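Undergrad: Quick one: the structure is below, questions incoming.
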Amino acid sequence: MSPVSCLLSQVWYNKVMTLPRVQISAAAIKRVKNHDCWVFRDELLSAEPSIPAGELVDVTDRNGAFVARAFYNARSHIPLRIVSLRPDETDDPAWLRHRLTQAIAQRARLTHTNAKRLMFSEADQLPGLIVDQYAEYLVVQLRSAGMDRLRATLIDLLQELVRPRGILERSDQAFREDEGLPSTTQLLAGEVPPRIPIHEGPLQFLVDPHRGLKTGFYLDQRPTRARLLGLIEPHQRVLDAFSYTSSLGIAAAHQGARVVCVEQHEPFMDLAKEQARLNGVEDRIEWIAGDAFYWLQAQAQAHATFDWVLLDPPSLAKQKSQTTKGRQALHHLLVQALRLLAPGGSLIVSICTYHLLDVIEEIVRIASAEVGVRLTVRDRWLQAEDHPWILHAPATRYLTSWRFATSPSHARDAR
């Protein structure tokens, strides 16, 4: 080791050996030791507002015994985000490099696409860091004050490990406000074009990294697109509601289906049309600019029918207090969708509302009873494998999809 490296290591060691301490409750300790990665404000026994936001701290019990190391932010409703259960791991100045390298290696087997999530926050023990790769470009979100403090180091490491042509930061979401951080969209390295061509199996897509939702594309819906490629038959009628840039509708059209895509934001629809032309399916897709909630209701009243209805609505309850309202909205949406299904038709429902995931089947059951149809659950799946679900961190399972099928002879309620 060079003299400079020795000096840097000693500086790092001296810093971590004098970390501030934050005490947590016995219940929180039990969860953390079982690999949960969040500690909430009401679980703190000692609060230290003087500690800079995003600082590494030692998490202890009431007697001062070490429990974990975490990013601390007194302002956040999640003031502690666990980084390690080992007291010595982050003493190594290369700990961040090790975590990034490990996350990249776990995605190496995804070879049928050049677009993937490289880092998924707590699921990769990188709390608050999202990195999506689109071909030769990276789009980064920094969701925690701890990762925000490490921005410069992170960018240097990503350039070294991935060697992208450009890195764009899209930390422009509401989650930044809870951390006391300003929203920001900025170029961090190289250049990132307004359109990035990507491929996924036989499909071609265009990503808008600067203005698109999330980081520009729904990478987490890769399993749904794969299922559509295996299930859709030529000449079937498919409705893609809340279609965004119509990746699901394009997958269906690729199989020869006649598709209707409903999207209320016209810039997204313009991009969807570009993608349809890129895949040679523009003549099989009808575009509807409108609110899918109202459009589905109008079509149900007009007795329209589809062989497939694809529902991927936005989050209907961002907070637990909104669960009842979100449940009511989803029930209404499902009733209209079920009334549109032809006998023997299939409904795919994708829900990214964490607070509703455990009651979806109950909501669908109630909606189907109102419409008077009998449903079979044909399949259920999670977000794509590069968005791993960690059993001990429930919030890492944020997207679940179901495929329901109606009886070939079901009679729709005419109401």
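Chain identifiers are assigned as A, B, and so on, following the order in which chains appear in the structure tokens; residues are numbered from 1 within each chain, and ligands are numbered from 1 in order of appearance.
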Applying 7 Å and only C-alpha atoms, which residues near A:Thr215 remain after dropping the ones on its own chain fewer than 6 positions away? List them as an MDAnalysis selection string.

TA: chainID A and resid 139 170 209

Undergrad: Residues within 10 Å of A:Asn114, please, as a VMD selection string. Count only C-alpha atoms; anything in the same chain fewer than 2 positions from it doesn't count.

TA: chain A and resid 110 to 112 116 133 to 136 197 to 201

Undergrad: How would the residues just picked look written out with N, CA and C atoms as a PDB file, in the first residue's frame?

TA:
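Listing of result-v3.pdb after writing:
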ATOM      1  N   LEU A 110     -28.252 -10.888 -16.997  1.00  0.00           N
ATOM      2  CA  LEU A 110     -29.306 -10.318 -17.842  1.00  0.00           C
ATOM      3  C   LEU A 110     -28.691  -9.924 -19.182  1.00  0.00           C
ATOM      4  N   THR A 111     -28.707 -10.866 -20.110  1.00  0.00           N
ATOM      5  CA  THR A 111     -28.023 -10.653 -21.384  1.00  0.00           C
ATOM      6  C   THR A 111     -28.968 -10.408 -22.556  1.00  0.00           C
ATOM      7  N   HIS A 112     -30.292 -10.552 -22.340  1.00  0.00           N
ATOM      8  CA  HIS A 112     -31.220 -10.376 -23.464  1.00  0.00           C
ATOM      9  C   HIS A 112     -31.671  -8.919 -23.602  1.00  0.00           C
ATOM     10  N   LYS A 116     -31.064  -2.158 -17.726  1.00  0.00           N
ATOM     11  CA  LYS A 116     -31.288  -2.863 -16.463  1.00  0.00           C
ATOM     12  C   LYS A 116     -31.059  -1.926 -15.288  1.00  0.00           C
ATOM     13  N   GLN A 133     -29.239   1.543 -15.958  1.00  0.00           N
ATOM     14  CA  GLN A 133     -28.377   1.575 -17.142  1.00  0.00           C
ATOM     15  C   GLN A 133     -29.216   1.436 -18.390  1.00  0.00           C
ATOM     16  N   TYR A 134     -29.088   2.392 -19.289  1.00  0.00           N
ATOM     17  CA  TYR A 134     -29.729   2.351 -20.599  1.00  0.00           C
ATOM     18  C   TYR A 134     -28.635   2.353 -21.645  1.00  0.00           C
ATOM     19  N   ALA A 135     -28.353   1.170 -22.183  1.00  0.00           N
ATOM     20  CA  ALA A 135     -27.266   1.027 -23.168  1.00  0.00           C
ATOM     21  C   ALA A 135     -25.969   1.554 -22.552  1.00  0.00           C
ATOM     22  N   GLU A 136     -25.406   2.616 -23.115  1.00  0.00           N
ATOM     23  CA  GLU A 136     -24.110   3.121 -22.641  1.00  0.00           C
ATOM     24  C   GLU A 136     -24.246   4.305 -21.689  1.00  0.00           C
ATOM     25  N   PRO A 197     -31.797   4.622 -27.517  1.00  0.00           N
ATOM     26  CA  PRO A 197     -32.353   3.355 -28.029  1.00  0.00           C
ATOM     27  C   PRO A 197     -31.902   2.182 -27.148  1.00  0.00           C
ATOM     28  N   ILE A 198     -32.846   1.327 -26.782  1.00  0.00           N
ATOM     29  CA  ILE A 198     -32.530   0.117 -26.035  1.00  0.00           C
ATOM     30  C   ILE A 198     -33.250  -1.058 -26.695  1.00  0.00           C
ATOM     31  N   HIS A 199     -32.862  -2.269 -26.325  1.00  0.00           N
ATOM     32  CA  HIS A 199     -33.566  -3.448 -26.833  1.00  0.00           C
ATOM     33  C   HIS A 199     -33.881  -4.376 -25.668  1.00  0.00           C
ATOM     34  N   GLU A 200     -34.941  -5.157 -25.850  1.00  0.00           N
ATOM     35  CA  GLU A 200     -35.371  -6.139 -24.854  1.00  0.00           C
ATOM     36  C   GLU A 200     -35.946  -7.321 -25.621  1.00  0.00           C
ATOM     37  N   GLY A 201     -35.163  -8.368 -25.746  1.00  0.00           N
ATOM     38  CA  GLY A 201     -35.583  -9.470 -26.601  1.00  0.00           C
ATOM     39  C   GLY A 201     -35.799  -8.956 -28.016  1.00  0.00           C
TER      40      GLY A 201
END

Undergrad: What residues in stretch 159-300 of chain A get the DSSP label strand (DSSP E or B)? Please answer as a PyMOL selection string.

TA: chain A and resi 166-171+184-190+196-200+203-207+237-241+258-263+285-289

Undergrad: Kindly assemble as a Markdown table a list of the stretch 362-397 of chain A residues that lie within 12 Å of stretch 31-52 of chain A, each paired with its nearest atom pair and their distance in Å to one decimal, using only C-alpha atoms, sorted first by chain and then by ascending residue number.

TA:
| residue | atom | partner | partner_atom | distance |
| --- | --- | --- | --- | --- |
| A:Ile390 | CA | A:His35 | CA | 9.1 |
| A:Leu391 | CA | A:Asp36 | CA | 8.9 |
| A:His392 | CA | A:Asp36 | CA | 5.2 |
| A:Ala393 | CA | A:Asp36 | CA | 5.1 |
| A:Pro394 | CA | A:Asp36 | CA | 8.2 |
| A:Ala395 | CA | A:Cys37 | CA | 9.8 |
| A:Thr396 | CA | A:Cys37 | CA | 10.3 |

Undergrad: Could you write out, as a PyMOL selection string, all the residues of stretch 162-230 of chain A that DSSP marks as alpha helix (DSSP H)?

TA: chain A and resi 162+175-178+222-230

Undergrad: So which residues touch A:Ala108 within 10 Å, counting only C-alpha atoms, skipping near sequence neighbours fewer than 4 positions away, as a PyMOL selection string?

TA: chain A and resi 103-104+116+118+386

Undergrad: Which residue is closest to A:Ala241? Choose from A:Val281, A:Val262, A:Leu187, A:Leu228 and count only C-alpha atoms.

TA: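 Among the listed residues, the smallest separation from A:Ala241 belongs to A:Val262.
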
Undergrad: Write out as an MDAnalysis selection string each polymer residue whose atoms come within 7 Å of stretch 266-275 of chain A, counting only C-alpha atoms; drop sequence neighbours fewer than 2 positions from it.

TA: chainID A and resid 205:206 244:246 263:264 277:279 282 289

Undergrad: Considering only C-alpha atoms, tabulate each residue of stretch 208-236 of chain A that lies at most 12 Å from stretch 311-322 of chain A along with its nearest interatomic pair and the corresponding distance in Å to one decimal; arrange the rows by chain and ascending residue number and present them as a Markdown table.

TA:
| residue | atom | partner | partner_atom | distance |
| --- | --- | --- | --- | --- |
| A:Leu213 | CA | A:Pro314 | CA | 10.6 |
| A:Lys214 | CA | A:Pro314 | CA | 11.4 |
| A:Tyr218 | CA | A:Asp312 | CA | 10.7 |
| A:Asp220 | CA | A:Asp312 | CA | 11.7 |
| A:Gln221 | CA | A:Asp312 | CA | 9.5 |
| A:Thr224 | CA | A:Asp312 | CA | 10.4 |

Undergrad: Would you output that residue set with N, CA and C atoms, as a compact mmCIF listing (two decimals), in the first residue's frame?

TA:
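After the write, result_29.txt holds the following:
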# COMPACT_ATOMS: atom_id res chain seq x y z
N LEU A 213 -40.95 9.37 -16.86
CA LEU A 213 -41.27 8.98 -15.50
C LEU A 213 -40.18 8.08 -14.94
N LYS A 214 -40.07 8.07 -13.62
CA LYS A 214 -38.99 7.36 -12.94
C LYS A 214 -37.66 7.82 -13.53
N TYR A 218 -40.04 1.94 -17.79
CA TYR A 218 -40.49 0.98 -16.78
C TYR A 218 -39.70 -0.32 -16.90
N ASP A 220 -38.99 -2.26 -14.56
CA ASP A 220 -39.54 -3.27 -13.66
C ASP A 220 -40.66 -4.08 -14.29
N GLN A 221 -41.20 -3.62 -15.44
CA GLN A 221 -42.27 -4.36 -16.11
C GLN A 221 -41.76 -5.33 -17.17
N THR A 224 -43.73 -8.62 -17.39
CA THR A 224 -45.06 -8.51 -18.01
C THR A 224 -44.94 -8.50 -19.52

Undergrad: Rank A:Gln204, A:Ala145, A:Arg222, A:Ile348 by their smallest atom-to-atom distance to A:Asp240, using only C-alpha atoms, and report the top residue only.

TA: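 Of the candidates, the smallest distance to A:Asp240 is held by A:Ile348.
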
Undergrad: Considering only C-alpha atoms, return as a list in words whatever protein or nucleic-acid residues lie within 8 Å of A:Arg397, sequence-local ones (same chain, fewer than 4 positions apart) excluded.

TA: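 Close residues of A:Arg397: Tyr354, Leu382, Gln383, Pro388, Trp389 and Ile390 of chain A.
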
Undergrad: Please produce an output containing N, CA and C atoms for each residue in the selection, written as an mmCIF file, in the first residue's frame.

TA:
data_model
loop_
_atom_site.group_PDB
_atom_site.id
_atom_site.type_symbol
_atom_site.label_atom_id
_atom_site.label_comp_id
_atom_site.auth_asym_id
_atom_site.auth_seq_id
_atom_site.Cartn_x
_atom_site.Cartn_y
_atom_site.Cartn_z
ATOM 1 N N TYR A 354 -47.703 0.054 -2.569
ATOM 2 C CA TYR A 354 -47.268 -0.878 -1.532
ATOM 3 C C TYR A 354 -48.362 -1.140 -0.497
ATOM 4 N N LEU A 382 -43.717 -10.726 -9.745
ATOM 5 C CA LEU A 382 -43.187 -9.515 -9.118
ATOM 6 C C LEU A 382 -42.475 -8.648 -10.143
ATOM 7 N N GLN A 383 -41.878 -7.564 -9.632
ATOM 8 C CA GLN A 383 -41.044 -6.717 -10.477
ATOM 9 C C GLN A 383 -39.865 -7.528 -11.023
ATOM 10 N N PRO A 388 -34.560 -6.646 -6.935
ATOM 11 C CA PRO A 388 -34.797 -7.785 -6.046
ATOM 12 C C PRO A 388 -35.649 -7.440 -4.825
ATOM 13 N N TRP A 389 -36.455 -8.427 -4.427
ATOM 14 C CA TRP A 389 -37.276 -8.328 -3.220
ATOM 15 C C TRP A 389 -36.519 -9.011 -2.088
ATOM 16 N N ILE A 390 -36.178 -8.222 -1.070
ATOM 17 C CA ILE A 390 -35.504 -8.744 0.099
ATOM 18 C C ILE A 390 -36.567 -9.071 1.144
#

Undergrad: For A:Leu168, which residue out of A:His210, A:Arg99, A:Arg143, A:Arg195 is the nearest one, using only C-alpha atoms?

TA: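 Among the listed residues, A:His210 lies closest to A:Leu168.
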
Undergrad: Nearest residue to A:Glu179 out of A:Ile78, A:Ile167, A:Ala226, A:Leu239, using only C-alpha atoms?

TA: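 Closest candidate: A:Ile78.
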
Undergrad: Counting only C-alpha atoms, what is within 7 Å of stretch 377-380 of chain A, bar same-chain residues fewer than 5 positions away, as a PyMOL selection string?

TA: chain A and resi 401-405
